[in-house]
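*Asks:* Could you have a look at this structure, given as structure tokens, before my questions?
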Amino acid sequence: MLRTQPAQFEPAAVRTALREWGFNANRRAQAPRDVVNILRWVERHSLPVSAWEDPEAVDQVLRAIDTRLDGKQAAAWSRKRNRRILNVVMKHAVRRRILRANPLPKGKETTAVTKTTNAVDKRSLLNPEQAAAILDWIRRRPRGGRRLHAFFATLYYCGPRPEEAVAVRVEDVTLPHPDAEDQWCELLFHTATPEVGKQWTDTGEIHEQRDLKGRAEGETRTVPGHPALTRILRQHILDEHLQPGDLLFRGETGGILAGSVIRRAWRSARQAVLPSHVFESPTGRRVYDNRNTRLTKWLNDGIPPAQVAEWAGNSVAVLLATYARCVDGQLPDLKRRLEAAGDLPEASDGG
């Protein structure tokens with residue numbers, strides 16, 4: 001929405017000035033002089049708000065947010081997210097009476113080019129051998145390996161979102177007595193601490209504390225942990241000399257485990273134990289794929305979707321829309337159950 005493209009500034013510099021300073025109310029007043037010059041140029045050369053009343057201008061904006069910097073079309077999820085964000089901006093402008101009406105197209109017209117699916121790619125799921133090899137490599141990692149092993153084992157066995165796992169404290173873990181027959185543990189998830197960047201938080205911290213995703217304020221959920229996880233967490237708490245109020249998974253300095261450390265360790269483990277063609281594939285590419293693998297396994301093991309949804313912190317509808325295509329191996333049992341229900345009664349020979 002500029003009258004002309006900047007000639008005296010690099011496009012990357014303009015984008016950085018807007019993203020890091022112009023759009024950030026907390027930092028705008030502290031912008032360095034070169035950034036201030038860019039922002040003033042943008043202000044002078046921006047089109048008036050009335051430009052949004054021109055359908056052609058609106059179409060140009062929509063085409064722009066659907067396109068990557070290299071000129072190729074953005075991924076479907078990116079296009080959908082960008083349009084949602086723009087729609088929120090337009091609604092805010094209407095509420096503030098800056099615009100008379102939302103100029104964006106409505107109905108099918110808005111989604112025709114952004115069809116997406118929530119379904120998990122089956123290729124991203126880890127098989128037990130792959131998961132075991134990756135976890136074992138992380139455990140033997142010289143720097144913080146055992147601490148990270150406990151974290152990734154929790155992701156694999158309980159399926160939390162990574163931002164939920166890093167917020168767990170020792171007091172949120174219920175471990176059975178070592179001599180108890182039932183060696184399943186329980187983990188209580190109540191908080192998410194996603195990384196949003198210190199320039200975007202009111203506290204200046206990298207992480208922001210939030211309620212669980214998609215849940216009511218203060219809502220919690222309890223998830224059972226396999227006996228193998230019980231053994232790992234019990235030893236982890238002893239090795240790290242953790243107290244009830246401590247974070248269960250800490251960084252080297254005692255703070256929240258950094259996302260960069262998590263992603264780097266996971267990538268290194270995949271690269272070390274997976275064949276090159278598997279490493280380059282979607283298999284376990286993201287740390288989040290531990291969650292997808294666990295939820296899929298629960299469903300494949302025959303655990304009712306309502307129970308899996310409760311453990312996952314999803315609705316049943318979202319769970320099935322996301323994971324139904326990954327459920328397999330249950331057909332023989334379903335056939336037996338259908339067959340046991342019987343066939344039509346034999347027809348009588350009455351004449």
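Identifiers in this document derive from the order of the structure tokens: chains are assigned A, B, ..., residues are numbered from 1 separately in each chain, and ligands are numbered from 1 in order of occurrence.
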Write down as a VMD selection string the residues belonging to segment 187-307 of chain A that are assigned alpha helix (DSSP H) by DSSP computed on the backbone.

*Replies:* chain A and resid 227 to 239 259 to 273 276 to 279 289 to 300 305 to 307

*Asks:* Would you kindly return, as a ChimeraX atom specification, each protein, DNA or RNA residue with an atom no farther than 12 Å from any atom of Pro128 of chain A, considering only C-alpha atoms and excluding same-chain residues fewer than 4 positions away?

*Replies:* /A:132-135,156-157,284,290,293-294,297

*Asks:* Mind checking which residues fall within 9 Å of Pro176 of chain A, counting only C-alpha atoms, ignoring those fewer than 3 positions away in the same chain, and posting them as a ChimeraX atom specification?

*Replies:* /A:179-186,230

*Asks:* Kindly export the residues of the current selection with C-alpha atoms, as a PDB file, in the first residue's frame.

*Replies:*
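Written out: part-v4.pdb:
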```pdb
ATOM      1  CA  ASP A 179       7.639 -51.008  44.984  1.00  0.00           C
ATOM      2  CA  ALA A 180       4.082 -50.398  43.758  1.00  0.00           C
ATOM      3  CA  GLU A 181       2.668 -52.900  41.282  1.00  0.00           C
ATOM      4  CA  ASP A 182       1.258 -50.111  39.106  1.00  0.00           C
ATOM      5  CA  GLN A 183       4.226 -48.099  37.827  1.00  0.00           C
ATOM      6  CA  TRP A 184       2.301 -45.614  35.684  1.00  0.00           C
ATOM      7  CA  CYS A 185       2.923 -41.966  36.525  1.00  0.00           C
ATOM      8  CA  GLU A 186       0.732 -38.913  35.945  1.00  0.00           C
ATOM      9  CA  THR A 230       8.254 -43.212  35.272  1.00  0.00           C
TER      10      THR A 230
END
```

*Asks:* Report the residues of segment 128-302 of chain A whose backbone DSSP state falls under strand (DSSP E), written as a list in words.

*Replies:*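 Of segment 128-302 of chain A, the ones in strand (DSSP E) are Val173, Thr174, Cys185, Glu186, Leu187, Leu188, Phe189, Arg221, Thr222, Val223, Pro224 and Gly225 of chain A.
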
*Asks:* Rank A:Asn102, A:Pro178, A:Tyr323, A:Phe279 by their smallest atom-to-atom distance to Trp298 of chain A, using only C-alpha atoms, and report the top residue only.

*Replies:* A:Tyr323

*Asks:* Which residues are near Arg140 of chain A? Cut-off 12 Å, only C-alpha atoms, ignore same chain within fewer than 6 positions. Put them as a ChimeraX atom specification.

*Replies:* /A:133-134,146-150,265,269,272

*Asks:* Atom CA of Leu257 of chain A and atom CA of Gly144 of chain A are how many Å apart?

*Replies:*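 Calculated distance between atom CA of Leu257 of chain A and atom CA of Gly144 of chain A is 11.1 Å.
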
*Asks:* Please list as a VMD selection string every residue within 12 Å of Pro48 of chain A, counting only C-alpha atoms and excluding residues in the same chain fewer than 5 positions away.

*Replies:* chain A and resid 1 to 3 42 to 43 53 to 54 57 98 to 99

*Asks:* Mind dumping the selected residues with N, CA and C atoms as a PDB file, in the first residue's frame?

*Replies:*
```pdb
ATOM      1  N   MET A   1       0.831  -1.197   0.000  1.00  0.00           N
ATOM      2  CA  MET A   1       0.000   0.000   0.000  1.00  0.00           C
ATOM      3  C   MET A   1       0.874   1.259   0.000  1.00  0.00           C
ATOM      4  N   LEU A   2       1.887   1.244  -0.872  1.00  0.00           N
ATOM      5  CA  LEU A   2       2.766   2.397  -1.028  1.00  0.00           C
ATOM      6  C   LEU A   2       2.554   3.017  -2.410  1.00  0.00           C
ATOM      7  N   ARG A   3       2.731   4.344  -2.475  1.00  0.00           N
ATOM      8  CA  ARG A   3       2.597   5.017  -3.764  1.00  0.00           C
ATOM      9  C   ARG A   3       3.723   4.627  -4.715  1.00  0.00           C
ATOM     10  N   VAL A  42       8.078   5.735   4.838  1.00  0.00           N
ATOM     11  CA  VAL A  42       6.887   4.891   4.652  1.00  0.00           C
ATOM     12  C   VAL A  42       5.630   5.691   4.954  1.00  0.00           C
ATOM     13  N   GLU A  43       5.667   6.484   6.008  1.00  0.00           N
ATOM     14  CA  GLU A  43       4.504   7.284   6.382  1.00  0.00           C
ATOM     15  C   GLU A  43       4.142   8.276   5.278  1.00  0.00           C
ATOM     16  N   GLU A  53     -11.154   1.202  -0.211  1.00  0.00           N
ATOM     17  CA  GLU A  53     -12.476   1.182  -0.845  1.00  0.00           C
ATOM     18  C   GLU A  53     -12.383   0.832  -2.317  1.00  0.00           C
ATOM     19  N   ASP A  54     -11.160   0.721  -2.840  1.00  0.00           N
ATOM     20  CA  ASP A  54     -10.947   0.361  -4.233  1.00  0.00           C
ATOM     21  C   ASP A  54     -10.760  -1.155  -4.332  1.00  0.00           C
ATOM     22  N   ALA A  57      -7.355  -2.358  -5.496  1.00  0.00           N
ATOM     23  CA  ALA A  57      -6.288  -2.237  -4.499  1.00  0.00           C
ATOM     24  C   ALA A  57      -6.351  -3.375  -3.492  1.00  0.00           C
ATOM     25  N   ILE A  98     -12.329   3.744  11.498  1.00  0.00           N
ATOM     26  CA  ILE A  98     -11.351   4.174  10.496  1.00  0.00           C
ATOM     27  C   ILE A  98     -11.854   3.777   9.114  1.00  0.00           C
ATOM     28  N   LEU A  99     -12.510   2.614   9.040  1.00  0.00           N
ATOM     29  CA  LEU A  99     -13.173   2.160   7.823  1.00  0.00           C
ATOM     30  C   LEU A  99     -14.667   2.037   8.084  1.00  0.00           C
TER      31      LEU A  99
END
```

*Asks:* Pick the closest to Val120 of chain A from A:Ala76, A:Leu295, A:Leu274, A:Ala306: which is it, counting only C-alpha atoms?

*Replies:*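 That would be A:Leu295, the residue with the smallest distance to Val120 of chain A.
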
*Asks:* Segment 308-310 of chain A: which residues within 8 Å, counting only C-alpha atoms, same-chain residues fewer than 4 positions away excluded, as an MDAnalysis selection string?

*Replies:* chainID A and resid 221 295 298:299 303:304 314:316 319
